[in-house]
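Chemist: For reference, the file model01.txt (compact mmCIF, C-alpha atoms and all ligand atoms) is included below:
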```txt
# COMPACT_ATOMS: atom_id res chain seq x y z
CA MET A 1 1.00 -21.90 -25.88
CA SER A 2 1.79 -24.34 -23.08
CA ILE A 3 -1.35 -26.35 -22.49
CA GLU A 4 -4.20 -26.85 -24.92
CA ILE A 5 -7.16 -29.02 -24.02
CA ARG A 6 -10.02 -29.66 -26.42
CA GLY A 7 -13.24 -31.55 -25.78
CA LEU A 8 -11.98 -33.38 -22.69
CA SER A 9 -14.57 -35.74 -21.22
CA LYS A 10 -14.32 -38.23 -18.37
CA SER A 11 -16.94 -40.34 -16.65
CA PHE A 12 -16.79 -42.80 -13.77
CA GLY A 13 -19.63 -45.23 -14.39
CA LYS A 14 -22.75 -43.13 -14.99
CA LYS A 15 -21.23 -40.04 -13.38
CA GLN A 16 -19.89 -37.63 -15.99
CA VAL A 17 -17.20 -35.57 -14.24
CA LEU A 18 -15.75 -33.64 -17.20
CA GLN A 19 -17.91 -32.71 -20.20
CA GLU A 20 -16.19 -31.63 -23.41
CA LEU A 21 -13.97 -29.23 -21.57
CA ASP A 22 -11.77 -26.75 -23.48
CA LEU A 23 -8.88 -24.82 -21.96
CA THR A 24 -5.80 -22.97 -23.17
CA ILE A 25 -2.99 -21.93 -20.83
CA GLU A 26 -0.22 -19.72 -22.20
CA THR A 27 3.36 -19.45 -20.99
CA GLY A 28 3.74 -16.81 -18.30
CA GLN A 29 0.43 -17.77 -16.70
CA CYS A 30 -0.29 -19.21 -13.30
CA TYR A 31 -3.71 -20.76 -13.83
CA CYS A 32 -5.56 -21.70 -10.64
CA LEU A 33 -8.38 -24.21 -10.88
CA LEU A 34 -11.06 -23.74 -8.22
CA GLY A 35 -14.31 -25.52 -7.42
CA LYS A 36 -16.23 -27.41 -4.78
CA ASN A 37 -15.14 -30.78 -3.39
CA GLY A 38 -15.61 -33.63 -5.82
CA VAL A 39 -16.19 -31.42 -8.83
CA GLY A 40 -13.36 -33.01 -10.84
CA LYS A 41 -10.27 -30.83 -10.37
CA SER A 42 -7.92 -33.75 -9.62
CA THR A 43 -9.51 -35.82 -12.38
CA PHE A 44 -8.77 -32.99 -14.80
CA LEU A 45 -5.15 -32.65 -13.66
CA ASN A 46 -4.64 -36.43 -13.68
CA CYS A 47 -5.82 -36.58 -17.30
CA ILE A 48 -3.32 -33.84 -18.22
CA LEU A 49 -0.60 -35.74 -16.35
CA ASP A 50 -1.43 -38.96 -18.25
CA LEU A 51 -2.24 -40.67 -14.95
CA MET A 52 -5.82 -41.18 -16.08
CA GLN A 53 -7.21 -41.81 -19.56
CA PRO A 54 -9.96 -39.41 -20.66
CA ASP A 55 -12.93 -40.87 -22.54
CA ALA A 56 -12.59 -38.25 -25.28
CA GLY A 57 -10.67 -35.13 -26.15
CA THR A 58 -7.15 -34.03 -27.04
CA ILE A 59 -4.34 -32.79 -24.80
CA THR A 60 -1.49 -30.84 -26.38
CA LEU A 61 1.40 -29.73 -24.18
CA LEU A 62 4.14 -27.42 -25.52
CA GLY A 63 2.71 -27.90 -29.01
CA LYS A 64 3.14 -31.67 -28.81
CA ASP A 65 0.48 -34.33 -28.87
CA TYR A 66 0.56 -36.53 -25.80
CA LYS A 67 -0.12 -39.74 -27.67
CA ALA A 68 2.61 -39.11 -30.27
CA GLN A 69 5.39 -37.69 -28.06
CA PRO A 70 4.75 -38.66 -24.44
CA LEU A 71 8.42 -38.72 -23.39
CA ASP A 72 9.28 -35.32 -24.91
CA ILE A 73 6.38 -33.90 -22.96
CA LYS A 74 7.14 -35.61 -19.66
CA GLN A 75 10.74 -34.33 -19.68
CA ASN A 76 9.27 -30.85 -19.54
CA LEU A 77 6.52 -31.53 -17.07
CA GLY A 78 6.77 -31.34 -13.28
CA ALA A 79 3.94 -32.62 -11.11
CA LEU A 80 2.75 -32.75 -7.54
CA CYS A 81 -0.21 -35.15 -7.33
CA GLU A 82 -2.90 -34.88 -4.68
CA ASP A 83 -1.84 -38.13 -2.97
CA ASN A 84 1.86 -37.17 -3.35
CA PRO A 85 3.29 -40.68 -3.83
CA LEU A 86 6.92 -40.89 -2.62
CA ILE A 87 9.16 -43.86 -1.88
CA GLU A 88 8.73 -44.06 1.87
CA GLU A 89 11.71 -46.37 2.47
CA PHE A 90 14.10 -43.74 1.06
CA THR A 91 15.39 -40.75 2.95
CA GLY A 92 14.33 -37.39 1.50
CA LEU A 93 17.83 -36.94 0.14
CA GLU A 94 17.87 -40.40 -1.47
CA TYR A 95 14.49 -39.75 -3.05
CA LEU A 96 15.50 -36.39 -4.55
CA THR A 97 18.77 -37.91 -5.81
CA PHE A 98 16.78 -40.77 -7.37
CA VAL A 99 14.43 -38.30 -9.12
CA SER A 100 17.36 -36.23 -10.40
CA LYS A 101 18.88 -39.43 -11.87
CA LEU A 102 15.59 -40.17 -13.65
CA HIS A 103 15.90 -36.72 -15.22
CA ARG A 104 19.52 -37.49 -16.13
CA LEU A 105 20.98 -34.54 -14.21
CA SER A 106 24.74 -34.77 -13.74
CA PRO A 107 25.88 -35.60 -10.17
CA ALA A 108 27.20 -32.04 -9.75
CA GLU A 109 23.94 -30.47 -11.02
CA SER A 110 21.91 -32.81 -8.87
CA GLU A 111 23.90 -32.01 -5.72
CA GLU A 112 23.74 -28.26 -6.33
CA ARG A 113 19.99 -28.22 -7.01
CA ILE A 114 19.09 -30.52 -4.12
CA SER A 115 21.27 -28.52 -1.76
CA SER A 116 19.70 -25.18 -2.71
CA LEU A 117 16.15 -26.57 -2.59
CA THR A 118 16.91 -28.12 0.78
CA ASN A 119 18.17 -24.83 2.17
CA TYR A 120 15.17 -23.02 0.71
CA PHE A 121 12.42 -25.27 2.05
CA PHE A 122 13.86 -27.09 5.05
CA SER A 123 15.01 -25.15 8.09
CA ASP A 124 16.64 -28.36 9.32
CA PRO A 125 18.40 -30.02 6.33
CA GLU A 126 19.38 -32.91 8.66
CA SER A 127 15.75 -34.06 8.49
CA LEU A 128 16.30 -35.09 4.87
CA GLN A 129 18.65 -37.81 6.16
CA LYS A 130 15.69 -39.64 7.77
CA ASN A 131 13.29 -42.07 6.08
CA ILE A 132 10.32 -40.41 4.40
CA ALA A 133 7.98 -42.84 6.22
CA GLY A 134 8.57 -40.83 9.41
CA TYR A 135 7.93 -37.40 7.83
CA SER A 136 4.99 -35.15 8.68
CA THR A 137 2.44 -34.36 5.92
CA GLY A 138 4.04 -30.95 5.36
CA MET A 139 7.54 -32.44 5.12
CA LYS A 140 6.33 -34.93 2.52
CA LYS A 141 4.65 -32.14 0.62
CA LYS A 142 7.91 -30.14 0.53
CA VAL A 143 9.82 -33.19 -0.78
CA GLY A 144 7.11 -33.67 -3.45
CA ILE A 145 7.38 -30.03 -4.53
CA ALA A 146 11.19 -30.15 -4.64
CA ALA A 147 11.00 -33.33 -6.76
CA ALA A 148 8.54 -31.65 -9.14
CA ILE A 149 10.85 -28.72 -9.93
CA LEU A 150 14.31 -30.36 -9.81
CA HIS A 151 14.53 -30.59 -13.63
CA LYS A 152 13.20 -27.02 -14.20
CA PRO A 153 10.12 -28.16 -16.18
CA GLN A 154 8.42 -25.74 -18.57
CA ILE A 155 5.04 -26.83 -17.24
CA LEU A 156 4.47 -27.25 -13.52
CA ILE A 157 1.22 -28.85 -12.34
CA LEU A 158 0.51 -28.77 -8.62
CA ASP A 159 -2.56 -30.38 -7.06
CA GLU A 160 -3.33 -28.76 -3.69
CA PRO A 161 0.26 -27.54 -3.17
CA PHE A 162 -0.47 -25.38 -0.10
CA THR A 163 -2.44 -27.93 1.91
CA GLY A 164 -0.42 -29.10 4.91
CA LEU A 165 2.34 -26.51 4.55
CA ASP A 166 3.13 -24.24 7.49
CA PRO A 167 2.71 -20.50 6.79
CA ILE A 168 6.43 -19.98 6.24
CA ALA A 169 6.76 -22.86 3.77
CA ALA A 170 3.56 -21.72 2.02
CA GLN A 171 4.97 -18.20 1.68
CA LEU A 172 8.21 -19.60 0.24
CA LEU A 173 6.16 -21.60 -2.25
CA VAL A 174 4.20 -18.47 -3.21
CA LYS A 175 7.48 -16.68 -3.92
CA LEU A 176 8.77 -19.60 -5.97
CA ILE A 177 5.56 -19.96 -8.04
CA ARG A 178 5.41 -16.24 -8.75
CA SER A 179 8.87 -16.09 -10.22
CA TYR A 180 8.52 -19.50 -11.86
CA SER A 181 5.46 -18.58 -13.91
CA THR A 182 6.89 -15.27 -15.13
CA GLN A 183 9.69 -17.09 -16.93
CA ASN A 184 9.02 -18.92 -20.19
CA ARG A 185 6.87 -21.41 -18.30
CA ALA A 186 3.36 -22.07 -17.12
CA VAL A 187 1.98 -23.21 -13.78
CA LEU A 188 -1.37 -24.97 -13.28
CA ILE A 189 -2.64 -25.32 -9.72
CA SER A 190 -5.71 -26.81 -8.12
CA SER A 191 -6.38 -25.32 -4.72
CA HIS A 192 -8.93 -24.47 -2.02
CA ASP A 193 -6.46 -22.13 -0.26
CA LEU A 194 -7.80 -18.90 -1.67
CA ASN A 195 -5.50 -16.67 0.38
CA TYR A 196 -2.55 -18.20 -1.44
CA VAL A 197 -4.36 -18.42 -4.78
CA GLU A 198 -4.85 -14.66 -4.46
CA LYS A 199 -1.10 -14.24 -4.27
CA VAL A 200 -0.10 -16.40 -7.25
CA ALA A 201 -2.95 -16.55 -9.79
CA THR A 202 -2.83 -14.72 -13.09
CA HIS A 203 -5.82 -16.70 -14.37
CA ILE A 204 -8.72 -18.52 -12.73
CA GLY A 205 -10.85 -21.45 -13.78
CA VAL A 206 -13.95 -22.46 -11.84
CA LEU A 207 -15.04 -26.01 -12.49
CA ASN A 208 -18.69 -26.90 -11.91
CA ASP A 209 -20.98 -29.57 -13.40
CA GLY A 210 -18.20 -30.79 -15.69
CA GLN A 211 -17.62 -27.39 -17.28
CA LEU A 212 -15.54 -24.31 -16.63
CA MET A 213 -18.18 -21.87 -15.42
CA TYR A 214 -15.47 -19.19 -15.31
CA ASN A 215 -12.26 -19.14 -17.34
CA GLY A 216 -10.33 -15.89 -17.54
CA SER A 217 -7.98 -13.43 -15.95
CA VAL A 218 -7.85 -12.83 -12.22
CA GLN A 219 -8.49 -9.12 -12.84
CA GLU A 220 -11.77 -9.86 -14.58
CA PHE A 221 -12.71 -12.43 -11.91
CA THR A 222 -12.21 -9.95 -9.07
CA MET A 223 -13.55 -6.97 -11.07
CA ASN A 224 -10.14 -5.31 -11.03
CA GLY A 225 -9.59 -6.05 -7.37
CA GLU A 226 -13.01 -4.78 -6.19
CA ASN A 227 -13.76 -8.29 -4.88
CA LEU A 228 -11.46 -10.74 -3.17
CA ILE A 229 -11.19 -14.11 -4.89
CA ASP A 230 -13.28 -15.80 -2.18
CA GLN A 231 -16.09 -13.22 -2.57
CA ALA A 232 -16.05 -13.64 -6.35
CA LEU A 233 -16.12 -17.43 -5.98
CA PHE A 234 -19.02 -17.34 -3.48
CA GLN A 235 -21.04 -15.11 -5.82
CA LEU A 236 -20.49 -17.56 -8.62
CA LEU A 237 -21.08 -20.82 -6.73
CA LEU A 238 -23.56 -19.98 -3.97
CA PRO A 239 -26.62 -19.85 -6.26
CA HIS A 240 -25.77 -23.49 -7.14
CA HIS A 241 -25.55 -24.62 -3.51
CA ASN A 242 -28.35 -25.46 -1.10
CA THR A 243 -27.80 -23.36 2.04
CA ASP A 244 -31.28 -23.82 3.55
CA THR A 245 -30.53 -26.92 5.63
CA ASN A 246 -31.27 -26.31 9.27
CA LEU A 247 -28.57 -27.36 11.77
CA ASP A 248 -30.29 -26.09 14.92
CA TRP A 249 -29.92 -29.53 16.54
CA VAL A 250 -26.10 -29.08 16.56
CA LEU A 251 -25.99 -25.41 17.37
CA GLY A 252 -28.75 -25.25 19.96
N1 LIG A 301 -10.94 -43.59 -9.71
C1 LIG A 301 -12.19 -43.18 -9.50
N2 LIG A 301 -13.23 -44.02 -9.56
C2 LIG A 301 -14.49 -43.61 -9.38
N3 LIG A 301 -14.85 -42.33 -9.14
C3 LIG A 301 -13.85 -41.43 -9.05
C4 LIG A 301 -12.47 -41.80 -9.24
N4 LIG A 301 -11.72 -40.68 -9.11
C5 LIG A 301 -12.57 -39.67 -8.85
N5 LIG A 301 -13.85 -40.11 -8.83
C6 LIG A 301 -15.04 -39.29 -8.61
O1 LIG A 301 -14.99 -38.22 -9.52
C7 LIG A 301 -15.46 -37.02 -8.90
C8 LIG A 301 -14.37 -35.97 -8.98
O2 LIG A 301 -13.32 -36.30 -8.09
P1 LIG A 301 -12.02 -35.40 -7.98
O3 LIG A 301 -11.12 -36.04 -6.98
O4 LIG A 301 -11.49 -35.16 -9.34
O5 LIG A 301 -12.63 -34.03 -7.41
P2 LIG A 301 -11.89 -32.75 -6.82
O6 LIG A 301 -12.56 -31.58 -7.43
O7 LIG A 301 -10.43 -32.87 -7.02
O8 LIG A 301 -12.27 -32.86 -5.28
P3 LIG A 301 -11.57 -32.26 -3.96
O9 LIG A 301 -11.67 -30.77 -4.04
O10 LIG A 301 -12.43 -32.82 -2.86
O11 LIG A 301 -10.16 -32.77 -3.93
C9 LIG A 301 -15.86 -37.39 -7.47
O12 LIG A 301 -17.24 -37.66 -7.46
C10 LIG A 301 -15.08 -38.68 -7.22
O13 LIG A 301 -15.76 -39.49 -6.30
```
Before we go any further, please render this structure as structure tokens.
Ligand SMILES: Nc1ncnc2c1ncn2[C@@H]1O[C@H](COP(=O)(O)OP(=O)(O)OP(=O)(O)O)[C@@H](O)[C@H]1O
Modeler:
Amino acid sequence: MSIEIRGLSKSFGKKQVLQELDLTIETGQCYCLLGKNGVGKSTFLNCILDLMQPDAGTITLLGKDYKAQPLDIKQNLGALCEDNPLIEEFTGLEYLTFVSKLHRLSPAESEERISSLTNYFFSDPESLQKNIAGYSTGMKKKVGIAAAILHKPQILILDEPFTGLDPIAAQLLVKLIRSYSTQNRAVLISSHDLNYVEKVATHIGVLNDGQLMYNGSVQEFTMNGENLIDQALFQLLLPHHNTDTNLDWVLG
């Protein structure tokens, strides 16, 4: 198994965001984490990425305990964080070269991989010669995704990967994720873009009130395709949401 979480809890002050959460993700799965704004999806991913310390619980990735073997794990982990931190003073090309050096890729490997990723995601490879500070949100997102997969990690964790991408780039990412997760790897995504989730997910998790209120296959979630993912999600979450508020003053 790729990712095994047991009893994960995290609070901010008095607000408990994650409550003794358990989750197992196997290789070959693309697990999509869904849920309303502020429900704790990024907190959950940040704990798995060791960017945030949980209050309790264990995280085992690729059979290894995070606390005992953090470096072994991180060599096999690729991540796109929600705030997508890059080095803005670098050009896109400099940044990707820097990341490939961190992963100790040979210069030839690095050049080949950056060149193919550039051709795949960027219609104008010249743009990678400019400083990241001047990039659009979507351009930055594409650089972040390329940096996450440069070292072919066995686990890929992407927080809101589709947000800000144009439809062509999003479709290219769909294609990449689909073939990526069918290899001996696993992909974990947090997303609100249900049209794209529909295209990549093998498994769905719905986070609510600190717990996974659904955790299972996409077939079961959609009742073998009878429902779309958004319909299934509405049915699950709507009873927990107040829809009675009257907005006549705006609409009238
Ligand atoms: N560093 C922090 N300090 C205090 N509270 C935080 C911190 N990070 C997150 N929170 C709170 O934890 C809760 C979960 O936030 P999180 O960003 O994980 O939600 P999310 O499900 O990813 O939301 P969204 O879908 O809007 O991106 C929110 O109430 C948020 O305000």
Chemist: Near segment 192-206 of chain A, within 8 Å and counting only C-alpha atoms, which residues show up once chain neighbours fewer than 6 positions away are dropped, as a PyMOL selection string?
Modeler: chain A and resi 29-35+160+162-163+170+174+177-178+212-219+221+228-230
Chemist: Quick one: everything within 8 Å of segment 110-112 of chain A, counting only C-alpha atoms, minus sequence neighbours fewer than 4 positions away in the same chain. Send it as a list in words.
Modeler: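 The residues that qualify are Thr97, Ser100, Lys101, Leu105, Ser106 and Ser116 of chain A.
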Chemist: Hey, can you check how far atom N1 of ligand LIG 301 (chain A) sits from atom CA of Gly134 of chain A?
Modeler: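 Computing it gives 27.5 Å between the two atoms.
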Chemist: My list of candidates is A:Asp209, A:Asp124, A:Glu220, A:Asp248. Which is closest to Gly40 of chain A when distances are computed with all atoms listed in the file?
Modeler: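 Ranked by minimum distance to Gly40 of chain A, first place goes to A:Asp209.
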Chemist: Kindly indicate which residue among A:Lys140, A:Lys67, A:Arg6, A:Lys15 lies nearest to ligand LIG 301 (chain A), using all atoms listed in the file for the distances.
Modeler: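 For ligand LIG 301 (chain A), the nearest of the given residues is A:Lys15.
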Chemist: Kindly compile the residues surrounding ligand LIG 301 (chain A) within 10 Å, counting all atoms listed in the file, and format them as a PDB file with C-alpha atoms, keeping the file's coordinate frame.
Modeler:
```pdb
ATOM      1  CA  LYS A  10     -14.320 -38.230 -18.370  1.00  0.00           C
ATOM      2  CA  SER A  11     -16.940 -40.340 -16.650  1.00  0.00           C
ATOM      3  CA  PHE A  12     -16.790 -42.800 -13.770  1.00  0.00           C
ATOM      4  CA  GLY A  13     -19.630 -45.230 -14.390  1.00  0.00           C
ATOM      5  CA  LYS A  14     -22.750 -43.130 -14.990  1.00  0.00           C
ATOM      6  CA  LYS A  15     -21.230 -40.040 -13.380  1.00  0.00           C
ATOM      7  CA  GLN A  16     -19.890 -37.630 -15.990  1.00  0.00           C
ATOM      8  CA  VAL A  17     -17.200 -35.570 -14.240  1.00  0.00           C
ATOM      9  CA  LEU A  18     -15.750 -33.640 -17.200  1.00  0.00           C
ATOM     10  CA  LEU A  33      -8.380 -24.210 -10.880  1.00  0.00           C
ATOM     11  CA  LEU A  34     -11.060 -23.740  -8.220  1.00  0.00           C
ATOM     12  CA  GLY A  35     -14.310 -25.520  -7.420  1.00  0.00           C
ATOM     13  CA  LYS A  36     -16.230 -27.410  -4.780  1.00  0.00           C
ATOM     14  CA  ASN A  37     -15.140 -30.780  -3.390  1.00  0.00           C
ATOM     15  CA  GLY A  38     -15.610 -33.630  -5.820  1.00  0.00           C
ATOM     16  CA  VAL A  39     -16.190 -31.420  -8.830  1.00  0.00           C
ATOM     17  CA  GLY A  40     -13.360 -33.010 -10.840  1.00  0.00           C
ATOM     18  CA  LYS A  41     -10.270 -30.830 -10.370  1.00  0.00           C
ATOM     19  CA  SER A  42      -7.920 -33.750  -9.620  1.00  0.00           C
ATOM     20  CA  THR A  43      -9.510 -35.820 -12.380  1.00  0.00           C
ATOM     21  CA  PHE A  44      -8.770 -32.990 -14.800  1.00  0.00           C
ATOM     22  CA  LEU A  45      -5.150 -32.650 -13.660  1.00  0.00           C
ATOM     23  CA  ASN A  46      -4.640 -36.430 -13.680  1.00  0.00           C
ATOM     24  CA  CYS A  47      -5.820 -36.580 -17.300  1.00  0.00           C
ATOM     25  CA  MET A  52      -5.820 -41.180 -16.080  1.00  0.00           C
ATOM     26  CA  GLU A  82      -2.900 -34.880  -4.680  1.00  0.00           C
ATOM     27  CA  ASP A  83      -1.840 -38.130  -2.970  1.00  0.00           C
ATOM     28  CA  ASP A 159      -2.560 -30.380  -7.060  1.00  0.00           C
ATOM     29  CA  GLU A 160      -3.330 -28.760  -3.690  1.00  0.00           C
ATOM     30  CA  SER A 190      -5.710 -26.810  -8.120  1.00  0.00           C
ATOM     31  CA  SER A 191      -6.380 -25.320  -4.720  1.00  0.00           C
ATOM     32  CA  HIS A 192      -8.930 -24.470  -2.020  1.00  0.00           C
ATOM     33  CA  LEU A 207     -15.040 -26.010 -12.490  1.00  0.00           C
ATOM     34  CA  ASN A 208     -18.690 -26.900 -11.910  1.00  0.00           C
ATOM     35  CA  GLY A 210     -18.200 -30.790 -15.690  1.00  0.00           C
TER      36      GLY A 210
END
```
Chemist: Hey, which of A:Gly7, A:Gly57, A:Pro107, A:Gly78 ends up closest to Ala148 of chain A? Count only C-alpha atoms.
Modeler: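 Counting only C-alpha atoms, the residue closest to Ala148 of chain A is A:Gly78.
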Chemist: Restricting the calculation to only C-alpha atoms, which member of A:Gln154, A:Thr118, A:Gln75, A:Thr91 is positioned closest to Ala186 of chain A?
Modeler: A:Gln154
Chemist: Grab the atom CA of Leu86 of chain A to atom CA of Gln183 of chain A distance for me, in Å with one decimal place.
Modeler: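 For atom CA of Leu86 of chain A relative to atom CA of Gln183 of chain A, the distance reads 27.9 Å.
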Chemist: At what distance in Å, to one decimal, does atom CA of Ala232 of chain A lie from atom CA of Ala79 of chain A?
Modeler: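 Atom-to-atom, atom CA of Ala79 of chain A and atom CA of Ala232 of chain A are spaced 28.0 Å apart.
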Chemist: Given the choices A:Ser9, A:Asp72, A:Arg113, A:Ile48, which gets closest to Leu158 of chain A if the distance is worked out from all atoms listed in the file?
Modeler: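 For Leu158 of chain A, the nearest of the candidates is A:Ile48.
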Chemist: Compare A:Thr58, A:Thr222, A:Gln129, A:Ser115 by their minimum atom-to-atom distance to Glu89 of chain A, counting all atoms listed in the file, and give me the closest one.
Modeler: A:Gln129
Chemist: Using all atoms listed in the file, which protein or nucleic acid residues come within 7 Å of Thr24 of chain A? Drop anything in the same chain fewer than 3 positions from it, and give the result as an mmCIF file with C-alpha atoms, keeping the file's coordinate frame.
Modeler:
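Saved file around.cif follows:
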```
data_model
loop_
_atom_site.group_PDB
_atom_site.id
_atom_site.type_symbol
_atom_site.label_atom_id
_atom_site.label_comp_id
_atom_site.auth_asym_id
_atom_site.auth_seq_id
_atom_site.Cartn_x
_atom_site.Cartn_y
_atom_site.Cartn_z
ATOM 1 C CA ILE A 3 -1.350 -26.350 -22.490
ATOM 2 C CA GLU A 4 -4.200 -26.850 -24.920
ATOM 3 C CA ILE A 5 -7.160 -29.020 -24.020
#
```
